[in-house]
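J.: Please see the structure below; I have some questions.
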Amino acid sequence: MNEDRARRTLYPRLEPRRAGRLAVSDLHELYWEECGHPDGIPVVALHGGPGGGSSPEMRRFFDPRRYRIILFDQRGCGRSTPHSELRENTTWDLVADIEKLRVHLDVKKWLVFGGSWGSTLALAYAAMHRKQVMALILRGVFLLMEEEIRWFYQHGASNLFPDAFDRYMEPIPEAERGDLLKAFYKRLTGKNAAVRAEAAAAWARWEGETLSIQGPKQRPPRFEEADFLDAFARIECHYFHNKGFFDHDGWLLTQAAKFGDLPGVIVHGRYDVVTPLASAWKLSKAWPKAQLRIVPDAGHSSLEPGIVSELVKASDALADKFG
């Protein structure tokens, strides 16, 4: 088999060389870490959710001999504090945090990597700080448009996973099911701890059951942890209820059209139910410099074999380009 066509796998597990905490406001403090080569090509990996937190697997999409790999937990999740906090937690706060972290770590320019919500945040950061971005690698593109939110949380994906969708709707009374996002937001931001926990579990389970064409076995173990579920569900719902804090629907597409010669690779599963391929397709048309790689046998999960292979190939190719 042609080496270029052969499927790639994740790089071996590795531990951080160093880690630290960065106060980004009077309220919020972020956890960050570095691994790989200290003088390598800087890459910042943006996790999904919002509210998902970083994971050790995110380190493994990059050759540690060539990359200086930087991860951090966004406001309110993972090891950042305060946990599950919604105050001072907007897209623009996170964009500012990325820039503060770049300055703190003395990085001149970096490659930005993000999947799902991480792709949303990567695009927003590139729109505001184009000169600091060498290239983008995006997976499972999510533009945070109203049609995407409605598809997954109200009507659309429900036709493909009616059994899982019924479990998702369980905590919501029949009378409130006409606007599930609003109903979940009320419960996830309410004061009743039991109601909040039930809603968080249902919200996260719905995403966990639809992540991969390989089924629930691809669901990360943390989808069973109460602390993770609370931050994940609350912060996601907070962002989606507020329409991503963007000026207008489709704002990211408008900005991507201005990216010019910014290099990029977009990797998207053909059978992605969480963030359908249509969004990546629209982005590729708005930003012709980006290469769209459609994986024919994959859904949304970053750990499906075809997705892993294309992401590793992309990071290797950009290491050749910038190394």
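Within each chain, counting starts at residue 1; across the structure tokens, chains are named A, B, ... in the order shown, with ligands numbered 1 upward in that order.
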Apply DSSP to the backbone of this structure and, from range 6-155 of chain A, keep only the residues in helix (DSSP H, G or I); write these as a CSV table (one decimal) with C-alpha atoms, in the first residue's frame.
T.:
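Produced file part14.csv, reproduced below:
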chain,number,residue,atom,x,y,z
A,56,PRO,CA,-4.2,13.1,27.2
A,57,GLU,CA,-5.1,11.9,23.7
A,58,MET,CA,-4.9,15.4,22.4
A,59,ARG,CA,-1.1,15.4,22.9
A,60,ARG,CA,-0.8,12.4,20.5
A,61,PHE,CA,-1.8,14.0,17.2
A,91,THR,CA,-16.3,33.1,23.3
A,92,TRP,CA,-14.5,36.4,23.5
A,93,ASP,CA,-13.2,35.7,27.0
A,94,LEU,CA,-11.7,32.4,25.7
A,95,VAL,CA,-10.2,34.1,22.6
A,96,ALA,CA,-8.5,36.6,24.9
A,97,ASP,CA,-7.3,33.7,27.1
A,98,ILE,CA,-5.6,32.0,24.2
A,99,GLU,CA,-3.8,35.2,23.4
A,100,LYS,CA,-2.8,35.7,27.0
A,101,LEU,CA,-1.4,32.2,27.1
A,102,ARG,CA,0.6,32.8,23.9
A,103,VAL,CA,2.2,35.8,25.4
A,104,HIS,CA,2.8,34.0,28.8
A,117,TRP,CA,-16.3,23.4,19.6
A,118,GLY,CA,-12.5,23.6,19.4
A,119,SER,CA,-12.9,24.3,15.7
A,120,THR,CA,-15.3,27.1,16.5
A,121,LEU,CA,-12.9,28.7,18.9
A,122,ALA,CA,-10.0,28.2,16.6
A,123,LEU,CA,-11.8,30.1,13.8
A,124,ALA,CA,-12.9,32.8,16.2
A,125,TYR,CA,-9.3,33.2,17.4
A,126,ALA,CA,-7.9,33.3,13.9
A,127,ALA,CA,-10.4,35.9,12.9
A,128,MET,CA,-9.2,38.2,15.8
A,130,ARG,CA,-4.7,36.3,12.2
A,131,LYS,CA,-1.0,37.4,12.4
A,132,GLN,CA,-0.3,35.0,15.3
A,146,GLU,CA,-28.9,28.2,14.6
A,147,GLU,CA,-29.5,25.5,12.1
A,148,GLU,CA,-26.7,23.3,13.7
A,149,ILE,CA,-28.1,23.8,17.2
A,150,ARG,CA,-31.7,23.0,16.1
A,151,TRP,CA,-30.5,19.9,14.1
A,152,PHE,CA,-28.8,18.3,17.1
A,153,TYR,CA,-30.8,19.5,20.1
J.: Using backbone DSSP assignments, extract all strand (DSSP E or B) residues from range 94-293 of chain A; output them as an NGL selection string.
T.: :A and (110-115 or 133-139 or 264-269 or 290-293)
J.: Can you pull out the residues contacting Val308 in chain A? Cut-off 12 Å, using only C-alpha atoms, and skip same-chain residues under 6 positions away; I want them as a PyMOL selection string.
T.: chain A and resi 6-11+57-58+60-62+115+139-140+267-269+293+295+297-302+314-315
J.: Could those residues be written to a file, using C-alpha atoms, as a CSV table (one decimal), in the first residue's frame?
T.:
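Output contents, as saved in part28.csv:
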chain,number,residue,atom,x,y,z
A,6,ALA,CA,-1.8,4.0,4.6
A,7,ARG,CA,-3.7,4.8,7.8
A,8,ARG,CA,-1.8,6.5,10.5
A,9,THR,CA,-2.2,6.1,14.2
A,10,LEU,CA,-1.7,8.3,17.2
A,11,TYR,CA,1.8,9.0,18.4
A,57,GLU,CA,-5.1,11.9,23.7
A,58,MET,CA,-4.9,15.4,22.4
A,60,ARG,CA,-0.8,12.4,20.5
A,61,PHE,CA,-1.8,14.0,17.2
A,62,PHE,CA,1.6,15.6,16.9
A,115,GLY,CA,-12.2,19.8,17.0
A,139,ARG,CA,-11.9,18.5,12.9
A,140,GLY,CA,-15.7,18.1,13.1
A,267,VAL,CA,-11.1,16.8,8.6
A,268,HIS,CA,-14.7,15.7,8.8
A,269,GLY,CA,-16.5,12.4,9.1
A,293,ARG,CA,-10.6,15.9,3.8
A,295,VAL,CA,-13.4,10.6,6.0
A,297,ASP,CA,-16.2,5.7,7.4
A,298,ALA,CA,-16.4,8.1,10.4
A,299,GLY,CA,-18.7,10.1,12.6
A,300,HIS,CA,-17.8,12.9,15.0
A,301,SER,CA,-15.3,11.3,17.4
A,302,SER,CA,-11.7,12.4,17.1
A,314,ALA,CA,-2.1,16.9,8.5
A,315,SER,CA,0.1,17.6,11.5
J.: What are the closest atom pairs, with distances in Å to one decimal, for all residues of range 233-256 of chain A lying within 8 Å of range 275-291 of chain A? Consider only C-alpha atoms, order rows by chain and residue number, and present the result as CSV.
T.:
residue,atom,partner,partner_atom,distance
A:Leu253,CA,A:Leu283,CA,6.2
A:Thr254,CA,A:Ala286,CA,7.8
A:Ala256,CA,A:Trp287,CA,5.6
J.: Taking only C-alpha atoms into account, which of A:Ala202, A:Leu71, A:Ile213, A:Leu136 comes nearest Val112 in chain A?
T.: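 Going through A:Ala202, A:Leu71, A:Ile213, A:Leu136 one by one, the smallest distance to Val112 in chain A is for A:Leu136.
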J.: Which is closer to Asn89 in chain A than all the others in A:Ser116, A:Ser25, A:Ser54, A:Ser309, using only C-alpha atoms?
T.: A:Ser25
J.: Skipping near chain neighbours, those fewer than 5 positions away, what residues fall within 7 Å of Phe72 in chain A using only C-alpha atoms, listed as number ranges by chain?
T.: A: 30-33, 54
J.: Calculated over only C-alpha atoms, which of the candidates A:Ile137, A:Ile294, A:Leu188, A:Met145 has the smallest distance to Leu318 in chain A?
T.: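 Between A:Ile137, A:Ile294, A:Leu188, A:Met145, the residue approaching Leu318 in chain A most closely is A:Ile137.
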J.: Counting only C-alpha atoms, which of A:Ala231, A:Ala200, A:Val195, A:Ile41 gets nearest to Val133 in chain A?
T.: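 Closest to Val133 in chain A, using only C-alpha atoms: A:Ile41.
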J.: Choose the residue, out of A:Gly52, A:Asp63, A:Leu229, A:Gln74, that has the smallest atom-to-atom separation from Asp316 in chain A; count only C-alpha atoms.
T.: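 Smallest separation from Asp316 in chain A among the options: A:Asp63.
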J.: Quick one: of A:Glu236, A:Asp227, A:Glu310, A:Glu176, who's nearest to Trp203 in chain A, counting only C-alpha atoms?
T.: A:Glu236
J.: In Å, rounded to a single decimal, give me how far CA of Phe142 in chain A is from CA of Gly250 in chain A.
T.: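 Going from CA of Gly250 in chain A over to CA of Phe142 in chain A, I get 10.8 Å.
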J.: Between CA of Pro173 in chain A and CA of Arg196 in chain A, what is the distance, to one decimal in Å?
T.: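 Atom-to-atom, CA of Pro173 in chain A and CA of Arg196 in chain A are spaced 14.5 Å apart.
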J.: Identify, on the basis of only C-alpha atoms, every residue whose closest approach to Gly36 in chain A does not exceed 8 Å; exclude the query and any residue fewer than 6 positions from it along the same chain; express the result as a PyMOL selection string.
T.: chain A and resi 14+16-17+63-69
